[in-house]
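Dropping coords.txt in here (compact mmCIF, C-alpha atoms and all ligand atoms):
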```txt
# COMPACT_ATOMS: atom_id res chain seq x y z
CA MET A 5 0.00 0.00 0.00
CA SER A 6 1.24 3.55 -0.63
CA ARG A 7 0.12 6.77 0.91
CA GLY A 8 0.09 10.38 -0.29
CA GLN A 9 -0.82 13.53 1.56
CA ALA A 10 -1.23 17.20 0.65
CA PRO A 11 -2.51 20.33 2.38
CA GLY A 12 -5.40 22.52 1.32
CA LYS A 13 -4.80 26.14 0.29
CA VAL A 14 -6.06 29.69 0.45
CA LEU A 15 -5.69 32.35 -2.19
CA LEU A 16 -4.43 35.45 -0.37
CA VAL A 17 -4.72 37.75 -3.40
CA GLY A 18 -5.11 37.37 -7.16
CA GLU A 19 -7.81 34.69 -7.55
CA HIS A 20 -9.40 34.89 -11.03
CA ALA A 21 -6.71 37.38 -12.14
CA VAL A 22 -4.26 34.46 -12.16
CA VAL A 23 -6.37 32.67 -14.81
CA TYR A 24 -5.54 35.58 -17.17
CA GLY A 25 -1.78 35.60 -16.58
CA HIS A 26 -1.60 38.01 -13.64
CA PRO A 27 0.24 36.98 -10.45
CA ALA A 28 -1.39 35.53 -7.35
CA LEU A 29 -0.28 34.96 -3.77
CA ALA A 30 -1.39 31.62 -2.31
CA ALA A 31 -0.65 29.59 0.81
CA ALA A 32 -0.88 26.00 1.98
CA ILE A 33 -3.00 25.57 5.13
CA PRO A 34 -2.45 22.95 7.84
CA ARG A 35 -5.47 20.80 6.86
CA GLN A 36 -4.64 17.63 4.95
CA VAL A 37 -6.10 15.34 2.32
CA THR A 38 -4.73 11.81 2.62
CA VAL A 39 -4.97 9.02 0.04
CA GLU A 40 -4.14 5.36 0.57
CA VAL A 41 -3.67 3.34 -2.59
CA GLU A 42 -3.51 -0.42 -2.97
CA PRO A 43 -3.44 -2.54 -6.13
CA ALA A 44 -6.91 -3.86 -7.13
CA PRO A 45 -8.37 -5.57 -10.20
CA ALA A 46 -10.21 -2.40 -11.33
CA PRO A 47 -9.76 1.31 -10.56
CA ALA A 48 -11.84 2.64 -7.66
CA LEU A 49 -11.83 5.94 -5.81
CA GLU A 50 -13.56 6.12 -2.41
CA LEU A 51 -14.42 9.63 -1.27
CA PRO A 52 -15.08 10.53 2.39
CA GLY A 53 -18.63 9.98 3.61
CA GLY A 54 -19.39 7.61 0.74
CA LEU A 55 -19.79 10.55 -1.69
CA SER A 56 -20.39 9.34 -5.23
CA VAL A 57 -17.49 9.65 -7.67
CA PRO A 58 -18.31 11.25 -11.04
CA ALA A 59 -17.13 9.06 -13.94
CA GLU A 60 -14.87 11.82 -15.30
CA LEU A 61 -13.14 12.19 -11.91
CA LEU A 62 -12.35 8.47 -11.81
CA GLN A 63 -11.13 8.66 -15.41
CA ALA A 64 -8.85 11.59 -14.50
CA ALA A 65 -7.46 9.61 -11.54
CA VAL A 66 -6.76 6.66 -13.87
CA GLU A 67 -4.93 8.96 -16.31
CA LEU A 68 -2.98 10.54 -13.45
CA ALA A 69 -1.93 7.05 -12.25
CA ARG A 70 -0.81 6.05 -15.76
CA GLU A 71 1.15 9.26 -16.22
CA ALA A 72 2.80 8.63 -12.85
CA GLY A 73 3.89 5.19 -14.11
CA PHE A 74 1.37 3.18 -12.05
CA GLU A 75 0.01 0.66 -14.53
CA ALA A 76 -2.08 -1.61 -12.27
CA GLY A 77 -5.72 -1.21 -11.20
CA PHE A 78 -6.08 0.46 -7.81
CA ARG A 79 -8.32 1.16 -4.88
CA ALA A 80 -7.71 4.70 -3.58
CA ARG A 81 -9.27 5.62 -0.24
CA VAL A 82 -9.52 9.35 0.47
CA ALA A 83 -9.70 10.99 3.90
CA SER A 84 -9.97 14.77 4.16
CA GLU A 85 -9.68 17.39 6.88
CA ILE A 86 -11.00 19.89 4.32
CA PRO A 87 -14.71 19.84 3.51
CA LEU A 88 -15.19 19.19 -0.22
CA GLY A 89 -16.37 22.29 -2.12
CA SER A 90 -15.33 24.58 0.72
CA GLY A 91 -13.05 26.68 -1.50
CA LEU A 92 -9.98 25.49 0.42
CA GLY A 93 -8.38 23.42 -2.34
CA SER A 94 -9.79 19.97 -1.58
CA SER A 95 -9.67 18.94 -5.26
CA ALA A 96 -6.12 20.21 -5.83
CA ALA A 97 -4.99 18.58 -2.57
CA LEU A 98 -6.63 15.33 -3.71
CA GLY A 99 -4.72 15.54 -7.00
CA VAL A 100 -1.39 16.19 -5.26
CA ALA A 101 -2.03 13.44 -2.68
CA LEU A 102 -2.87 10.97 -5.49
CA ALA A 103 0.30 12.01 -7.35
CA ARG A 104 2.36 11.37 -4.21
CA ALA A 105 0.70 7.99 -3.66
CA PHE A 106 1.22 6.88 -7.28
CA ALA A 107 4.69 8.39 -7.68
CA PRO A 108 6.28 8.23 -4.21
CA GLY A 109 9.14 10.68 -3.77
CA CYS A 110 8.07 12.96 -6.66
CA GLY A 111 8.98 16.61 -6.20
CA PRO A 112 6.46 19.48 -5.89
CA GLU A 113 6.61 20.47 -9.59
CA ARG A 114 5.86 16.94 -10.76
CA ALA A 115 3.13 16.45 -8.15
CA ALA A 116 1.48 19.72 -9.22
CA ALA A 117 1.76 18.83 -12.92
CA LEU A 118 0.16 15.41 -12.29
CA ALA A 119 -2.59 17.01 -10.19
CA MET A 120 -3.51 19.24 -13.16
CA ARG A 121 -5.19 16.13 -14.64
CA LEU A 122 -7.88 16.37 -11.96
CA GLU A 123 -7.99 20.15 -12.02
CA ARG A 124 -8.78 20.24 -15.74
CA VAL A 125 -11.73 17.91 -15.19
CA LEU A 126 -13.07 19.66 -12.10
CA HIS A 127 -12.36 23.30 -12.95
CA GLY A 128 -12.79 23.96 -16.62
CA ALA A 129 -9.99 26.52 -17.00
CA PRO A 130 -7.53 26.14 -14.12
CA SER A 131 -4.50 28.40 -13.86
CA GLY A 132 -2.53 25.78 -11.90
CA VAL A 133 -2.24 27.94 -8.78
CA ASP A 134 -4.21 25.53 -6.57
CA PRO A 135 -2.05 22.41 -7.17
CA ALA A 136 1.09 24.57 -6.97
CA ALA A 137 0.03 25.86 -3.52
CA CYS A 138 -0.96 22.36 -2.34
CA SER A 139 2.33 20.83 -3.49
CA GLN A 140 4.55 23.41 -1.75
CA SER A 141 4.63 24.23 1.90
CA GLY A 142 4.30 27.87 2.87
CA VAL A 143 3.34 30.85 0.76
CA ILE A 144 3.97 31.17 -2.98
CA PHE A 145 3.96 33.89 -5.62
CA PHE A 146 2.55 32.25 -8.75
CA VAL A 147 2.23 33.20 -12.43
CA ARG A 148 0.72 30.66 -14.81
CA GLY A 149 2.83 29.35 -17.70
CA GLU A 150 4.50 26.29 -19.14
CA PRO A 151 6.18 25.85 -16.73
CA PRO A 152 4.57 28.23 -14.23
CA LEU A 153 6.59 30.67 -12.14
CA VAL A 154 6.45 29.52 -8.51
CA GLU A 155 8.48 31.58 -6.04
CA PRO A 156 8.54 30.92 -2.28
CA VAL A 157 7.52 33.96 -0.24
CA ARG A 158 9.26 34.61 3.09
CA GLY A 159 7.35 35.30 6.29
CA GLY A 160 4.20 34.10 7.99
CA ALA A 161 0.76 35.31 9.02
CA SER A 162 -2.26 34.19 10.99
CA LEU A 163 -5.69 34.00 9.46
CA CYS A 164 -9.21 33.16 10.48
CA ILE A 165 -11.03 31.13 7.83
CA LEU A 166 -14.83 31.35 7.83
CA GLY A 167 -16.98 29.18 5.58
CA SER A 168 -19.94 30.75 3.78
CA GLY A 169 -22.00 27.60 4.19
CA ILE A 170 -22.33 27.33 0.40
CA ALA A 171 -20.39 24.55 -1.36
CA ARG A 172 -19.73 25.35 -5.00
CA GLY A 173 -17.25 24.22 -7.61
CA THR A 174 -14.69 26.57 -9.14
CA ARG A 175 -16.30 26.11 -12.56
CA SER A 176 -19.39 27.96 -11.38
CA THR A 177 -17.61 31.35 -11.26
CA VAL A 178 -14.57 30.94 -13.56
CA LEU A 179 -16.54 30.11 -16.71
CA PRO A 180 -19.29 32.77 -16.31
CA LEU A 181 -16.59 35.40 -15.63
CA ALA A 182 -14.80 34.39 -18.84
CA GLU A 183 -18.10 34.92 -20.67
CA ARG A 184 -18.85 38.36 -19.13
CA ARG A 185 -15.32 39.53 -19.82
CA ARG A 186 -16.06 39.53 -23.54
CA SER A 187 -18.62 42.32 -23.24
CA ASP A 188 -17.45 44.32 -20.20
CA PRO A 189 -14.07 46.07 -20.53
CA ARG A 190 -14.08 47.01 -16.81
CA LEU A 191 -13.40 43.40 -15.94
CA ASP A 192 -9.96 43.27 -17.55
CA ARG A 193 -8.96 46.44 -15.73
CA ALA A 194 -10.10 44.93 -12.41
CA LEU A 195 -8.18 41.69 -13.12
CA GLU A 196 -5.05 43.69 -13.91
CA LYS A 197 -5.48 45.71 -10.72
CA LEU A 198 -5.76 42.46 -8.72
CA GLY A 199 -2.46 41.33 -10.26
CA ASP A 200 -0.87 44.62 -9.09
CA LEU A 201 -2.31 44.01 -5.62
CA SER A 202 -0.68 40.54 -5.57
CA ARG A 203 2.74 42.13 -6.19
CA THR A 204 2.17 44.71 -3.43
CA ALA A 205 0.80 42.05 -1.07
CA ARG A 206 3.91 39.95 -1.53
CA ARG A 207 6.11 42.87 -0.46
CA LEU A 208 3.90 43.73 2.54
CA PHE A 209 3.79 40.07 3.58
CA GLU A 210 7.57 39.73 3.42
CA GLU A 211 8.00 42.96 5.38
CA GLY A 212 5.42 41.82 7.97
CA ARG A 213 3.35 44.99 7.43
CA LEU A 214 0.01 43.61 8.54
CA ASP A 215 -2.12 46.78 8.70
CA PRO A 216 -1.62 47.77 5.04
CA LEU A 217 -1.92 44.09 4.08
CA GLY A 218 -5.33 43.99 5.78
CA ALA A 219 -6.43 47.12 3.91
CA LEU A 220 -5.24 45.46 0.70
CA PHE A 221 -7.41 42.39 1.47
CA ASP A 222 -10.41 44.75 1.74
CA GLU A 223 -9.54 46.40 -1.58
CA ALA A 224 -9.12 43.03 -3.33
CA HIS A 225 -12.48 41.86 -1.98
CA GLY A 226 -14.12 45.04 -3.31
CA LEU A 227 -12.91 44.27 -6.83
CA LEU A 228 -13.95 40.60 -6.62
CA ARG A 229 -17.44 41.72 -5.57
CA ASP A 230 -17.77 44.55 -8.08
CA PRO A 231 -17.15 44.58 -10.99
CA LEU A 232 -16.02 40.93 -11.07
CA GLY A 233 -19.25 39.70 -9.48
CA VAL A 234 -17.89 36.52 -7.85
CA SER A 235 -19.11 37.19 -4.31
CA CYS A 236 -22.58 36.23 -2.99
CA PRO A 237 -24.71 37.30 0.00
CA GLU A 238 -23.35 34.48 2.19
CA LEU A 239 -19.74 35.48 1.46
CA GLU A 240 -20.59 39.14 2.10
CA SER A 241 -21.93 38.11 5.53
CA ALA A 242 -18.77 36.09 6.26
CA VAL A 243 -16.52 39.01 5.27
CA ALA A 244 -18.61 41.44 7.34
CA ALA A 245 -18.50 39.09 10.36
CA LEU A 246 -14.69 38.84 10.16
CA ARG A 247 -14.34 42.61 9.88
CA SER A 248 -16.68 43.37 12.77
CA ALA A 249 -14.92 40.74 14.91
CA GLY A 250 -11.74 42.81 14.47
CA ALA A 251 -9.90 41.33 11.47
CA LEU A 252 -7.31 43.69 9.95
CA GLY A 253 -8.98 43.04 6.59
CA ALA A 254 -11.12 40.32 5.05
CA LYS A 255 -11.96 38.92 1.65
CA LEU A 256 -13.37 35.93 -0.12
CA THR A 257 -10.75 33.34 -1.00
CA GLY A 258 -10.60 31.21 -4.13
CA ALA A 259 -13.28 31.06 -6.78
CA GLY A 260 -16.10 32.67 -4.75
CA GLY A 261 -19.81 32.14 -5.35
CA GLY A 262 -19.68 30.29 -2.00
CA GLY A 263 -16.70 28.63 -0.36
CA ALA A 264 -14.85 30.58 2.32
CA ALA A 265 -13.62 34.00 3.43
CA ILE A 266 -10.35 34.86 5.17
CA GLY A 267 -9.68 37.50 7.79
CA LEU A 268 -6.15 38.71 8.56
CA ALA A 269 -5.15 38.59 12.25
CA ARG A 270 -2.30 40.26 14.13
CA ASP A 271 -1.02 36.94 15.47
CA GLN A 272 -2.20 33.45 16.31
CA ALA A 273 -3.95 34.51 19.57
CA HIS A 274 -5.87 37.17 17.63
CA ALA A 275 -6.77 34.61 14.92
CA ARG A 276 -8.16 32.29 17.62
CA GLU A 277 -10.14 35.19 19.07
CA LEU A 278 -11.61 35.91 15.61
CA ALA A 279 -12.44 32.22 15.28
CA THR A 280 -14.27 32.19 18.61
CA ARG A 281 -16.24 35.30 17.68
CA THR A 282 -17.22 34.19 14.17
CA GLY A 283 -17.35 30.39 14.31
CA GLY A 284 -14.42 30.12 11.89
CA PHE A 285 -11.05 28.49 12.52
CA ALA A 286 -7.55 29.88 13.00
CA VAL A 287 -4.57 28.88 10.85
CA ARG A 288 -0.96 29.91 10.57
CA ILE A 289 0.41 30.19 7.02
CA GLY A 290 4.07 30.40 6.01
CA SER A 291 6.70 30.35 8.73
CA ALA A 292 5.76 29.92 12.41
C1 LIG A 301 -9.34 29.10 -7.33
O1 LIG A 301 -8.73 28.72 -6.09
C2 LIG A 301 -8.52 30.15 -8.02
C3 LIG A 301 -9.08 30.63 -9.36
O2 LIG A 301 -8.26 31.72 -9.77
C4 LIG A 301 -9.10 29.53 -10.39
C5 LIG A 301 -7.70 29.15 -10.87
O3 LIG A 301 -6.79 29.96 -10.82
O4 LIG A 301 -7.57 28.01 -11.37
C6 LIG A 301 -10.51 31.18 -9.20
```
When written as structure tokens, how does the structure in this file appear?
Amino acid sequence: MSRGQAPGKVLLVGEHAVVYGHPALAAAIPRQVTVEVEPAPAPALELPGGLSVPAELLQAAVELAREAGFEAGFRARVASEIPLGSGLGSSAALGVALARAFAPGCGPERAAALAMRLERVLHGAPSGVDPAACSQSGVIFFVRGEPPLVEPVRGGASLCILGSGIARGTRSTVLPLAERRRSDPRLDRALEKLGDLSRTARRLFEEGRLDPLGALFDEAHGLLRDPLGVSCPELESAVAALRSAGALGAKLTGAGGGGAAIGLARDQAHARELATRTGGFAVRIGSA
């Protein structure tokens, strides 16, 4: 039997913009997806809670296994500390964990490239940022490409993550945004601005300048809400709850339309306080 594990992720800044070639800042979170693989006569994927496995997901897992050099049939059992559809990278972490189970010892670039098999099936038009974040530890600065640019970012921060209560796939906002972009020129300007914010956020993060970083989170959320239109009432409530609980700034994270919001905290004690006040949970990203 072989085992693979990978963390979930949050997008700190630059979600959606990264699909169009702008940079994003993303971080692994200390919540794991674990896969145990054993040889079996036919391929089978067992999701947590007995969730049904769409045929195309199983097919993508089979292709990933073949590409990793695993020729036999398999039974892959998945356990997850990340709720599926929560916007915290469960599908990318599943892809990276499968890659590590099928190709033990593979490095982060190879694991992320293999995980793209699943991403393409589940996402429609993935930039690659999610598997890159789930295959690295810490915080990364990412620009899509063949190969992508993935730079480690120094420093650490504490966040409170608050779910919106709505589980939705990345496809549900990425593809409609691509459609609206054709007729609304404001959207490209907003995406470009988000890319600029990712560059600034990287500098602020590395310098440990949390107050301006929090304000930048607020600005990024404003653009994601309007004109990009990827927020929803439940995410607006989550962002408002984090802000009124005392977060330095808050925004939706990932594709939006549901999923989760993140609030920036001063330190881990503050993140725990935000978690108690909002019902979210505290995480440390990057260095301790
Ligand atoms: C999802 O975590 C991030 C998006 O930018 C999609 C992607 O980059 O693949 C919304």
Taking a cut-off of 7 Å and counting only C-alpha atoms and all ligand atoms, can you build a table that, for each residue of chain A near ligand LIG 301 (chain A), reports the nearest atom pair and how far apart they are in Å (one decimal), sorted by chain then residue number, as JSON lines?
```
{"residue": "A:Leu15", "atom": "CA", "partner": "A:LIG301", "partner_atom": "O1", "distance": 6.1}
{"residue": "A:Gly18", "atom": "CA", "partner": "A:LIG301", "partner_atom": "O2", "distance": 7.0}
{"residue": "A:Glu19", "atom": "CA", "partner": "A:LIG301", "partner_atom": "O2", "distance": 3.7}
{"residue": "A:His20", "atom": "CA", "partner": "A:LIG301", "partner_atom": "O2", "distance": 3.6}
{"residue": "A:Ala21", "atom": "CA", "partner": "A:LIG301", "partner_atom": "O2", "distance": 6.3}
{"residue": "A:Val22", "atom": "CA", "partner": "A:LIG301", "partner_atom": "O3", "distance": 5.3}
{"residue": "A:Val23", "atom": "CA", "partner": "A:LIG301", "partner_atom": "O3", "distance": 4.8}
{"residue": "A:Gly91", "atom": "CA", "partner": "A:LIG301", "partner_atom": "O1", "distance": 6.6}
{"residue": "A:Gly93", "atom": "CA", "partner": "A:LIG301", "partner_atom": "O1", "distance": 6.5}
{"residue": "A:His127", "atom": "CA", "partner": "A:LIG301", "partner_atom": "O4", "distance": 6.9}
{"residue": "A:Ala129", "atom": "CA", "partner": "A:LIG301", "partner_atom": "O4", "distance": 6.3}
{"residue": "A:Pro130", "atom": "CA", "partner": "A:LIG301", "partner_atom": "O4", "distance": 3.3}
{"residue": "A:Ser131", "atom": "CA", "partner": "A:LIG301", "partner_atom": "O4", "distance": 4.0}
{"residue": "A:Gly132", "atom": "CA", "partner": "A:LIG301", "partner_atom": "O4", "distance": 5.5}
{"residue": "A:Val133", "atom": "CA", "partner": "A:LIG301", "partner_atom": "O3", "distance": 5.4}
{"residue": "A:Asp134", "atom": "CA", "partner": "A:LIG301", "partner_atom": "O1", "distance": 5.6}
{"residue": "A:Thr174", "atom": "CA", "partner": "A:LIG301", "partner_atom": "C1", "distance": 6.2}
{"residue": "A:Val178", "atom": "CA", "partner": "A:LIG301", "partner_atom": "C6", "distance": 6.0}
{"residue": "A:Gly258", "atom": "CA", "partner": "A:LIG301", "partner_atom": "O1", "distance": 3.7}
{"residue": "A:Ala259", "atom": "CA", "partner": "A:LIG301", "partner_atom": "C6", "distance": 3.7}
```
Exercise: Gly8 (chain A) partners within 7 Å, only C-alpha atoms, chain neighbours under 3 positions left out, as a ChimeraX atom specification
/A:38-40,101-102,104-105
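Between Arg281 (chain A) and the candidates A:Pro152, A:Gly25, A:Gly250, A:Gly262, the tightest atom-to-atom separation, counting all atoms listed in the file, involves A:Gly250.
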Quick one: of A:Leu126, A:Leu29, A:Ala245, A:Met120, who's nearest to Val57 (chain A), counting only C-alpha atoms?
A:Leu126
If you measure from CA of Leu16 (chain A) to CA of Arg184 (chain A), what distance in Å do you get, rounded to one decimal?
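CA of Arg184 (chain A) lies at a distance of 23.8 Å from CA of Leu16 (chain A).
With distances restricted to all atoms listed in the file, A:Val14 is the closest residue to Ala265 (chain A) from A:Ala28, A:Leu118, A:Leu220, A:Val14.
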Counting all atoms listed in the file, which of A:Ala59, A:Ala10, A:Leu195, A:Ile289 gets nearest to Arg158 (chain A)?
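Distance minimum relative to Arg158 (chain A) lands on A:Ile289.
Taking CA of Gly290 (chain A) and CA of Val125 (chain A) as endpoints, the distance between them is 29.2 Å.
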